[in-house]
Amino acid sequence: MEKLNSSQEEAVTKSEGRILVLAGAGSGKTRVIIHRILHLLSKGTDPKQILGLTFTNKAAEEMRMRLQSKVGKEVATEVTLSTFHSFCMKILRKEIHHLGYTNEFSLYDDRDEKRLAEEVEFDEVRLKACMRAHNAVTFDGLIQLTIQLFQEFPGILEKVQDRFRYLMIDEYQDTNHSQFLLAELLSSKYNNICVVGDDDQSIYGWRGAEVKNILHFRADHTIKLQENYRSTSTILQAANCLIKKNKNRHPKTLISYLGEGERIEIFHAANEIEEATAIVTKVLEYAEKMPLNEIAILYRSNALSRNLESALLQATYRKDGSWKRGLPYEIYGGLAFAERSEIKDLSAYLRLIANPLDQQALLRIINVPARGISEKTLDTVTAYNRQKNLPLWNLLENLEVTVTDRAKAAIGNFVQLIHRAKRRFASQKLYEALQWLIQEIDYEKVIQNEATTDKGQLFKRDNIQEFISNLAQYEEGAQNPSLQDFTSGYLLESTKAKKGGQDKNKLQLMTFHSAKGLEFTVCFLIGLEDGIVPHEKGMQETSLEEERRLFYVAMTRAKRKLILSMARQRKKWGKDAPCTPSRFLLEIPKNLLIS
């Protein structure tokens with residue numbers, strides 16, 4: 001207890017009733033949850049009666065290990081610390097037979113569900129009947145079926161309630177409607193529920209999270225954790241001023257006793273290339289003072305990593321007494337730009353158009369998007385290709401092998417497409433020809449098939465827009481632009497990025513969303529322009545308030561130094577477009593900034 005501040009101690013010792021703990025960024029919420037469990041155990045509570053729910057296996061495991069270090073493995077394993085989905089899975093494995101399934105049900109992923117939904121023409125009733133017939137449950141269905149089980153069989157609910165008399169939920173601001181209902185059902189008998197979270201960090205509205213769950217939680221006691229153990233006062237003052245512009249929130253103000261710290265640096269670059277170059281130059285300065293993995297570059301959209309990666313791979317730095325080229329970096333929670341599937345597809349098209357003998361490129365995209373060329377057809381054609389020792393493209397142009405009429409027509413159409421594309425790329429700007437190609441092949445079909453959420457589709461479209469802009473940038477700067485030269489550059493960057501994987505001490509690149517829960521000594525926030533921050537699509541799908549919360553989360557990742565950057569112009573779909581500084585920057589007091 002001596003390590004807790006007064007607000008933390010209050011949150012720990014109020015063990016009965018409906019408790020809302022508003023845990024600001026960096027305020028030690030995990031410490032509070034662990035000490036709360038310890039307090040319950042010290043009062044004689046049976047560890048088997050304690051249930052802690054969170055959103056990720058990583059978070060649950062971290063809590064389990066921290067608890068184990070305090071009370072030992074035997075007691076710690078009797079406390080249930082689990083994700084919502086894992087908890088529901090365990091219940092359904094014992095009880096789902098009451099709903100007409102067997103306890104050996106299969107778990108379907110998003111693709112399985114989408115395929116089945118297409119079969120029943122997206123009829124919700126037929127889909128449910130089909131799922132039961134297949135004895136299968138979707139990921140989200142785990143929670144929905146558990147709620148149905150509790151509502152239709154009160155005896156089962158009461159048995160679970162008697163087992164888990166003390167319920168704690170981490171990151172409550174991220175709960176959706178189903179998770180809210182589940183929590184209310186579980187706690188309705190004994191009313192011992194403690195929810196911990198921060199409405200100011202609710203950033204997942206696009207995937208169903210409802211901030212109203214924490215805003216309108218019926219609490220017997222509300223406790224605010226406002227002392228931040230991470231950031232300097234200057235960073236927190238800026239973050240406080242920003243987030244106070246939101247109307248739908250619990251009022252709170254983060255404070256710090258870590259000192260005032262440096263002012264927040266802000267700069268405008270002429271364009272996105274100069275922005276990336278300037279940031280890498282700054283990173284190199286900080287890399288002389290601290291490990292690279294204490295430095296992070298954060299961005300709103302994955303597509304913004306492209307110019308950064310290029311600048312990092314070209315950077316020269318000193319290590320172990322010698323000069324090296326290519327600053328080690330890691331895309332946290334994602335792939336390097338050149339490794340993303342949509343970029344590899346479009347790169348393969350360009351490689352094939354430039355060089356029809358590029359067999360690997362040909363095999364990657366001959367049926368992308370699906371055009372009726374099956375794996376069986378490809379096996380037949382490639383077997384004949386090996387037998388005759390001919391380039392595969394030559395064989396496709398003069399098809400002698402026996403395949404179905406449908407496959408023959410599809411191959412003929414594909415060959416004609418590549419011939420038309422070669423003429424396009426020879427007669428107009430490369431980036432304009434690429435735009436034509438994307439429309440001509442209807443690549444939108446691939447996006448919709450590969451990305452099962454609107455957010456995933458948005459990321460892929462952003463990446464494609466950036467790829468077109470990369471080609472336009474290259475075309476502007478090259479003396480004799482060619483597809484061979486452009487695609488070779490992409491392949492080299494991809495290879496370099498992979499080879500850089502041996503060094504664990506890497507600069508961290510990630511989206512604002514991926515950065516939640518992390519902290520770094522130095523943070524760069526880039527691309528701070530209206531339309532990106534706040535994101536134009538994000539404002540349509542969620543709200544300006546959620547976009548502001550997302551920027552707030554990004555700002556509060558920085559411990560000692562925060563650097564904000566933007567470009568005066570940025571390429572969009574290959575053309576230069578003027579940029580307006582993010583409106584959020586105007587909400588930060590000028591006396592906290594330095595340019």
# chains A, B, ... in the order shown; residues from 1 in each chain; ligands from 1

call {"tool": "residues_around", "arguments": {"residues": "Lys159 in chain A", "least_positions_apart": "2", "cutoff": "12 Å", "atoms": "only C-alpha atoms", "output": "tab-separated table (two decimals) with N, CA, C and O atoms, in the first residue's frame"}}
result
chain	number	residue	atom	x	y	z
A	49	GLN	N	-13.18	-16.99	-6.69
A	49	GLN	CA	-14.36	-16.13	-6.86
A	49	GLN	C	-14.02	-14.81	-7.57
A	49	GLN	O	-14.89	-13.97	-7.76
A	91	ILE	N	-17.11	-21.31	-21.04
A	91	ILE	CA	-18.49	-21.56	-20.62
A	91	ILE	C	-19.24	-22.35	-21.69
A	91	ILE	O	-19.94	-23.34	-21.40
A	95	GLU	N	-21.55	-25.74	-21.78
A	95	GLU	CA	-22.99	-25.52	-21.71
A	95	GLU	C	-23.70	-25.29	-23.06
A	95	GLU	O	-24.91	-25.18	-23.10
A	150	PHE	N	-27.29	-17.35	-20.91
A	150	PHE	CA	-27.62	-16.82	-19.59
A	150	PHE	C	-29.07	-16.35	-19.52
A	150	PHE	O	-29.75	-16.52	-18.50
A	153	PHE	N	-31.41	-19.58	-19.83
A	153	PHE	CA	-31.22	-20.59	-18.78
A	153	PHE	C	-30.68	-19.91	-17.52
A	153	PHE	O	-29.46	-19.95	-17.25
A	154	PRO	N	-31.54	-19.26	-16.74
A	154	PRO	CA	-31.12	-18.50	-15.56
A	154	PRO	C	-30.33	-19.34	-14.55
A	154	PRO	O	-29.48	-18.80	-13.83
A	155	GLY	N	-30.58	-20.63	-14.51
A	155	GLY	CA	-29.86	-21.49	-13.57
A	155	GLY	C	-28.38	-21.55	-13.88
A	155	GLY	O	-27.54	-21.58	-12.98
A	156	ILE	N	-28.07	-21.56	-15.17
A	156	ILE	CA	-26.65	-21.56	-15.57
A	156	ILE	C	-26.01	-20.23	-15.19
A	156	ILE	O	-24.89	-20.19	-14.66
A	157	LEU	N	-26.72	-19.13	-15.44
A	157	LEU	CA	-26.20	-17.81	-15.06
A	157	LEU	C	-25.92	-17.75	-13.57
A	157	LEU	O	-24.85	-17.28	-13.14
A	161	GLN	N	-22.55	-16.85	-11.59
A	161	GLN	CA	-22.51	-15.71	-10.66
A	161	GLN	C	-21.99	-16.13	-9.28
A	161	GLN	O	-21.21	-15.40	-8.66
A	162	ASP	N	-22.42	-17.29	-8.83
A	162	ASP	CA	-21.97	-17.78	-7.51
A	162	ASP	C	-20.49	-18.13	-7.53
A	162	ASP	O	-19.80	-18.00	-6.52
A	163	ARG	N	-20.01	-18.55	-8.68
A	163	ARG	CA	-18.58	-18.86	-8.80
A	163	ARG	C	-17.75	-17.58	-8.80
A	163	ARG	O	-16.73	-17.48	-8.13
A	164	PHE	N	-18.18	-16.58	-9.58
A	164	PHE	CA	-17.40	-15.34	-9.72
A	164	PHE	C	-18.16	-14.18	-9.07
A	164	PHE	O	-18.96	-13.51	-9.71
A	165	ARG	N	-17.88	-13.96	-7.78
A	165	ARG	CA	-18.62	-12.93	-7.03
A	165	ARG	C	-17.99	-11.55	-7.16
A	165	ARG	O	-18.62	-10.55	-6.82
A	186	LEU	N	-23.35	-10.86	-15.49
A	186	LEU	CA	-22.46	-11.51	-14.54
A	186	LEU	C	-22.50	-10.86	-13.16
A	186	LEU	O	-22.39	-11.54	-12.13
A	189	LYS	N	-26.22	-10.30	-9.65
A	189	LYS	CA	-26.62	-10.91	-8.38
A	189	LYS	C	-25.92	-10.27	-7.18
A	189	LYS	O	-26.57	-9.89	-6.20

call {"tool": "closest_residue", "arguments": {"among": "A:His535, A:Lys561, A:Lys445, A:Lys224", "to": "Ser6 in chain A", "atoms": "only C-alpha atoms"}}
result
A:Lys224

call {"tool": "closest_residue", "arguments": {"among": "A:Trp393, A:Tyr490, A:Phe459, A:Phe425", "to": "Glu309 in chain A", "atoms": "only C-alpha atoms"}}
result
A:Tyr490

call {"tool": "residues_around", "arguments": {"residues": "Tyr443 in chain A", "least_positions_apart": "3", "cutoff": "12 Å", "atoms": "only C-alpha atoms", "output": "number ranges by chain"}}
result
A: 342-343, 345-346, 349, 365, 367-371, 434-440, 446-450, 457, 460-461, 464

call {"tool": "select_by_dssp", "arguments": {"residues": "range 312-341 of chain A", "states": "strand (DSSP E)", "output": "ChimeraX atom specification"}}
result
/A:316-319,322-325,329-331

call {"tool": "atom_distance", "arguments": {"atom1": "CA of Phe217 in chain A", "atom2": "CA of Gly205 in chain A"}}
result
17.4 Å

call {"tool": "residues_around", "arguments": {"residues": "Leu304 in chain A", "least_positions_apart": "5", "cutoff": "10 Å", "atoms": "only C-alpha atoms", "output": "list of chain:residue names"}}
result
A:Glu272, A:Ala276, A:Leu298, A:Tyr299, A:Glu309, A:Phe337, A:Asp462, A:Asn463, A:Glu466, A:Met510, A:Thr511, A:Ile526, A:Gly527, A:Ile532

call {"tool": "closest_residue", "arguments": {"among": "A:Ile147, A:Ile373, A:Ala209, A:Ile19", "to": "His177 in chain A", "atoms": "only C-alpha atoms"}}
result
A:Ala209

call {"tool": "select_by_dssp", "arguments": {"residues": "range 30-222 of chain A", "states": "alpha helix (DSSP H)", "output": "ChimeraX atom specification"}}
result
/A:30-42,57-71,73-76,84-95,110-119,124-133,141-152,154-163,177-187,212-215

call {"tool": "atom_distance", "arguments": {"atom1": "CA of Phe467 in chain A", "atom2": "CA of Ser347 in chain A"}}
result
9.2 Å

call {"tool": "residues_around", "arguments": {"residues": "Arg36 in chain A", "least_positions_apart": "5", "cutoff": "12 Å", "atoms": "only C-alpha atoms", "output": "compact mmCIF listing (two decimals) with all heavy atoms, in the first residue's frame"}}
result
# COMPACT_ATOMS: atom_id res chain seq x y z
N MET A 1 0.81 -1.21 0.00
CA MET A 1 0.00 0.00 0.00
C MET A 1 0.85 1.26 0.00
O MET A 1 0.45 2.28 -0.53
CB MET A 1 -0.94 0.01 1.23
CG MET A 1 -2.12 -0.92 1.08
SD MET A 1 -3.27 -0.45 -0.22
CE MET A 1 -4.59 -1.59 0.12
N LEU A 4 1.28 3.15 -3.26
CA LEU A 4 0.11 3.70 -3.95
C LEU A 4 -0.13 5.15 -3.53
O LEU A 4 0.06 5.50 -2.37
CB LEU A 4 -1.13 2.87 -3.62
CG LEU A 4 -1.08 1.37 -3.95
CD1 LEU A 4 -2.36 0.69 -3.47
CD2 LEU A 4 -0.88 1.14 -5.44
N GLN A 8 -5.19 5.88 -5.88
CA GLN A 8 -4.99 4.46 -6.16
C GLN A 8 -5.40 3.61 -4.96
O GLN A 8 -6.05 2.57 -5.11
CB GLN A 8 -3.52 4.20 -6.50
CG GLN A 8 -3.08 4.75 -7.84
CD GLN A 8 -1.59 4.57 -8.06
OE1 GLN A 8 -0.81 4.53 -7.11
NE2 GLN A 8 -1.17 4.47 -9.32
N GLU A 9 -5.05 4.07 -3.77
CA GLU A 9 -5.40 3.33 -2.55
C GLU A 9 -6.91 3.24 -2.38
O GLU A 9 -7.45 2.19 -2.01
CB GLU A 9 -4.76 3.99 -1.33
CG GLU A 9 -4.95 3.18 -0.06
CD GLU A 9 -4.16 3.72 1.11
OE1 GLU A 9 -3.15 4.42 0.88
OE2 GLU A 9 -4.56 3.44 2.25
N GLU A 10 -7.60 4.33 -2.70
CA GLU A 10 -9.07 4.32 -2.60
C GLU A 10 -9.66 3.31 -3.58
O GLU A 10 -10.59 2.56 -3.25
CB GLU A 10 -9.63 5.72 -2.89
CG GLU A 10 -11.14 5.80 -2.71
CD GLU A 10 -11.70 7.17 -3.07
OE1 GLU A 10 -10.94 8.02 -3.58
OE2 GLU A 10 -12.92 7.37 -2.86
N ALA A 11 -9.11 3.28 -4.80
CA ALA A 11 -9.62 2.35 -5.81
C ALA A 11 -9.37 0.90 -5.40
O ALA A 11 -10.17 0.01 -5.69
CB ALA A 11 -8.94 2.63 -7.16
N VAL A 12 -8.28 0.66 -4.69
CA VAL A 12 -7.92 -0.69 -4.25
C VAL A 12 -8.81 -1.15 -3.10
O VAL A 12 -9.28 -2.31 -3.07
CB VAL A 12 -6.43 -0.73 -3.83
CG1 VAL A 12 -6.12 -1.99 -3.02
CG2 VAL A 12 -5.54 -0.67 -5.07
N THR A 13 -9.08 -0.28 -2.15
CA THR A 13 -9.75 -0.70 -0.91
C THR A 13 -11.27 -0.69 -0.99
O THR A 13 -11.92 -1.32 -0.17
CB THR A 13 -9.30 0.18 0.26
OG1 THR A 13 -9.51 1.56 -0.07
CG2 THR A 13 -7.83 -0.03 0.56
N LYS A 14 -11.85 0.00 -1.99
CA LYS A 14 -13.31 -0.06 -2.15
C LYS A 14 -13.64 -1.34 -2.91
O LYS A 14 -13.75 -1.35 -4.13
CB LYS A 14 -13.80 1.18 -2.91
CG LYS A 14 -14.01 2.40 -2.00
CD LYS A 14 -14.81 3.45 -2.69
CE LYS A 14 -15.22 4.61 -1.82
NZ LYS A 14 -14.59 4.81 -0.54
N SER A 15 -13.82 -2.40 -2.18
CA SER A 15 -13.94 -3.72 -2.80
C SER A 15 -15.38 -4.15 -3.04
O SER A 15 -15.62 -5.13 -3.75
CB SER A 15 -13.23 -4.77 -1.95
OG SER A 15 -13.70 -4.72 -0.62
N GLU A 16 -16.33 -3.47 -2.45
CA GLU A 16 -17.73 -3.86 -2.60
C GLU A 16 -18.49 -2.80 -3.42
O GLU A 16 -18.19 -1.62 -3.36
CB GLU A 16 -18.41 -4.00 -1.24
CG GLU A 16 -17.65 -4.85 -0.23
CD GLU A 16 -17.62 -6.32 -0.59
OE1 GLU A 16 -18.64 -6.82 -1.11
OE2 GLU A 16 -16.58 -6.96 -0.37
N ILE A 19 -18.00 0.02 -8.81
CA ILE A 19 -16.91 0.98 -8.72
C ILE A 19 -16.43 1.35 -10.13
O ILE A 19 -16.16 0.47 -10.96
CB ILE A 19 -15.71 0.41 -7.93
CG1 ILE A 19 -16.18 -0.24 -6.61
CG2 ILE A 19 -14.66 1.50 -7.69
CD1 ILE A 19 -16.84 0.70 -5.65
N VAL A 21 -13.40 3.26 -11.93
CA VAL A 21 -12.06 3.83 -11.78
C VAL A 21 -11.67 4.47 -13.12
O VAL A 21 -11.47 3.76 -14.11
CB VAL A 21 -11.02 2.77 -11.38
CG1 VAL A 21 -9.64 3.41 -11.25
CG2 VAL A 21 -11.41 2.10 -10.08
N LYS A 29 -2.91 2.00 -13.91
CA LYS A 29 -4.14 1.23 -13.75
C LYS A 29 -3.89 -0.26 -13.52
O LYS A 29 -4.61 -0.89 -12.74
CB LYS A 29 -5.08 1.43 -14.94
CG LYS A 29 -4.63 0.80 -16.23
CD LYS A 29 -5.66 1.00 -17.32
CE LYS A 29 -5.21 0.39 -18.62
NZ LYS A 29 -5.03 -1.06 -18.59
N THR A 30 -2.87 -0.82 -14.18
CA THR A 30 -2.59 -2.25 -13.98
C THR A 30 -2.16 -2.50 -12.54
O THR A 30 -2.55 -3.50 -11.93
CB THR A 30 -1.52 -2.73 -14.96
OG1 THR A 30 -1.93 -2.43 -16.31
CG2 THR A 30 -1.30 -4.22 -14.84
N ARG A 31 -1.35 -1.60 -11.99
CA ARG A 31 -0.94 -1.71 -10.59
C ARG A 31 -2.17 -1.71 -9.68
O ARG A 31 -2.26 -2.49 -8.73
CB ARG A 31 -0.03 -0.54 -10.22
CG ARG A 31 0.48 -0.62 -8.78
CD ARG A 31 1.10 0.70 -8.34
NE ARG A 31 2.21 1.10 -9.18
CZ ARG A 31 2.83 2.27 -9.06
NH1 ARG A 31 2.42 3.15 -8.17
NH2 ARG A 31 3.84 2.57 -9.85
N LEU A 41 -7.84 -10.77 -1.63
CA LEU A 41 -7.27 -12.00 -1.06
C LEU A 41 -6.92 -11.81 0.41
O LEU A 41 -7.13 -12.72 1.23
CB LEU A 41 -6.02 -12.40 -1.85
CG LEU A 41 -6.24 -12.84 -3.32
CD1 LEU A 41 -4.92 -13.06 -4.02
CD2 LEU A 41 -7.10 -14.10 -3.38
N SER A 42 -6.41 -10.61 0.77
CA SER A 42 -6.03 -10.34 2.16
C SER A 42 -7.25 -10.34 3.08
O SER A 42 -7.14 -10.58 4.29
CB SER A 42 -5.29 -9.01 2.26
OG SER A 42 -6.17 -7.93 2.08
N LYS A 43 -8.43 -10.07 2.51
CA LYS A 43 -9.68 -10.09 3.29
C LYS A 43 -10.25 -11.49 3.44
O LYS A 43 -11.29 -11.68 4.07
CB LYS A 43 -10.73 -9.21 2.61
CG LYS A 43 -10.44 -7.71 2.69
CD LYS A 43 -11.47 -6.91 1.90
CE LYS A 43 -12.88 -7.20 2.39
NZ LYS A 43 -13.92 -6.48 1.60
N THR A 45 -11.02 -13.50 0.69
CA THR A 45 -11.82 -13.89 -0.48
C THR A 45 -11.19 -15.10 -1.15
O THR A 45 -9.97 -15.17 -1.33
CB THR A 45 -11.88 -12.72 -1.49
OG1 THR A 45 -12.40 -11.56 -0.83
CG2 THR A 45 -12.76 -13.07 -2.68
N ILE A 50 -12.76 -14.63 -7.95
CA ILE A 50 -12.33 -13.37 -8.58
C ILE A 50 -12.17 -13.58 -10.08
O ILE A 50 -11.49 -14.50 -10.54
CB ILE A 50 -11.00 -12.89 -7.97
CG1 ILE A 50 -11.15 -12.67 -6.47
CG2 ILE A 50 -10.54 -11.59 -8.65
CD1 ILE A 50 -9.84 -12.39 -5.75
N LEU A 51 -12.80 -12.70 -10.86
CA LEU A 51 -12.74 -12.77 -12.32
C LEU A 51 -12.27 -11.42 -12.86
O LEU A 51 -12.87 -10.38 -12.56
CB LEU A 51 -14.12 -13.11 -12.90
CG LEU A 51 -14.30 -12.98 -14.42
CD1 LEU A 51 -13.37 -13.95 -15.16
CD2 LEU A 51 -15.76 -13.23 -14.81
N GLY A 52 -11.21 -11.43 -13.64
CA GLY A 52 -10.72 -10.22 -14.32
C GLY A 52 -10.81 -10.41 -15.82
O GLY A 52 -10.28 -11.38 -16.36
N MET A 63 -0.97 -9.44 -16.38
CA MET A 63 -1.59 -9.39 -15.04
C MET A 63 -1.31 -10.68 -14.27
O MET A 63 -1.01 -10.65 -13.07
CB MET A 63 -3.09 -9.18 -15.18
CG MET A 63 -3.49 -7.78 -15.60
SD MET A 63 -5.28 -7.63 -15.58
CE MET A 63 -5.47 -6.11 -16.50
N LEU A 67 0.67 -10.83 -10.75
CA LEU A 67 0.00 -11.38 -9.58
C LEU A 67 0.81 -12.55 -9.02
O LEU A 67 0.98 -12.68 -7.80
CB LEU A 67 -1.42 -11.83 -9.94
CG LEU A 67 -2.27 -12.37 -8.80
CD1 LEU A 67 -2.49 -11.30 -7.73
CD2 LEU A 67 -3.61 -12.88 -9.32
N TYR A 166 -16.74 -11.50 -7.61
CA TYR A 166 -16.04 -10.22 -7.76
C TYR A 166 -15.55 -10.10 -9.20
O TYR A 166 -14.72 -10.90 -9.66
CB TYR A 166 -14.86 -10.12 -6.78
CG TYR A 166 -15.29 -10.04 -5.35
CD1 TYR A 166 -15.47 -11.19 -4.59
CD2 TYR A 166 -15.56 -8.81 -4.75
CE1 TYR A 166 -15.89 -11.14 -3.27
CE2 TYR A 166 -15.97 -8.72 -3.43
CZ TYR A 166 -16.14 -9.90 -2.70
OH TYR A 166 -16.56 -9.82 -1.39
N LEU A 167 -16.07 -9.12 -9.91
CA LEU A 167 -15.76 -8.93 -11.33
C LEU A 167 -14.98 -7.63 -11.53
O LEU A 167 -15.37 -6.58 -11.02
CB LEU A 167 -17.06 -8.90 -12.15
CG LEU A 167 -16.95 -8.55 -13.63
CD1 LEU A 167 -16.09 -9.57 -14.37
CD2 LEU A 167 -18.34 -8.46 -14.27
N MET A 168 -13.88 -7.71 -12.27
CA MET A 168 -13.11 -6.54 -12.66
C MET A 168 -12.94 -6.53 -14.17
O MET A 168 -12.66 -7.59 -14.76
CB MET A 168 -11.74 -6.53 -11.97
CG MET A 168 -11.77 -5.99 -10.57
SD MET A 168 -10.19 -6.15 -9.74
CE MET A 168 -10.30 -7.82 -9.16
N ILE A 169 -13.10 -5.37 -14.78
CA ILE A 169 -12.94 -5.26 -16.24
C ILE A 169 -11.94 -4.16 -16.55
O ILE A 169 -12.09 -3.02 -16.11
CB ILE A 169 -14.30 -4.96 -16.92
CG1 ILE A 169 -15.29 -6.07 -16.61
CG2 ILE A 169 -14.11 -4.81 -18.43
CD1 ILE A 169 -16.66 -5.85 -17.20
N ILE A 193 -18.78 -5.11 -8.98
CA ILE A 193 -18.13 -4.95 -10.28
C ILE A 193 -17.28 -3.68 -10.25
O ILE A 193 -17.76 -2.62 -9.85
CB ILE A 193 -19.16 -4.90 -11.44
CG1 ILE A 193 -18.43 -4.65 -12.77
CG2 ILE A 193 -20.25 -3.88 -11.20
CD1 ILE A 193 -19.34 -4.76 -13.99
N CYS A 194 -16.05 -3.83 -10.65
CA CYS A 194 -15.14 -2.69 -10.74
C CYS A 194 -14.68 -2.57 -12.19
O CYS A 194 -14.04 -3.49 -12.71
CB CYS A 194 -13.94 -2.88 -9.81
SG CYS A 194 -12.68 -1.60 -9.98
N VAL A 195 -15.02 -1.46 -12.85
CA VAL A 195 -14.58 -1.24 -14.22
C VAL A 195 -13.50 -0.16 -14.23
O VAL A 195 -13.62 0.87 -13.57
CB VAL A 195 -15.75 -0.87 -15.16
CG1 VAL A 195 -16.80 -1.97 -15.14
CG2 VAL A 195 -16.37 0.46 -14.82
N VAL A 196 -12.43 -0.43 -14.96
CA VAL A 196 -11.28 0.46 -15.01
C VAL A 196 -11.07 0.89 -16.45
O VAL A 196 -11.03 0.05 -17.36
CB VAL A 196 -10.01 -0.23 -14.48
CG1 VAL A 196 -8.83 0.73 -14.47
CG2 VAL A 196 -10.24 -0.82 -13.10

call {"tool": "atom_distance", "arguments": {"atom1": "CA of Arg18 in chain A", "atom2": "CA of Arg218 in chain A"}}
result
7.2 Å
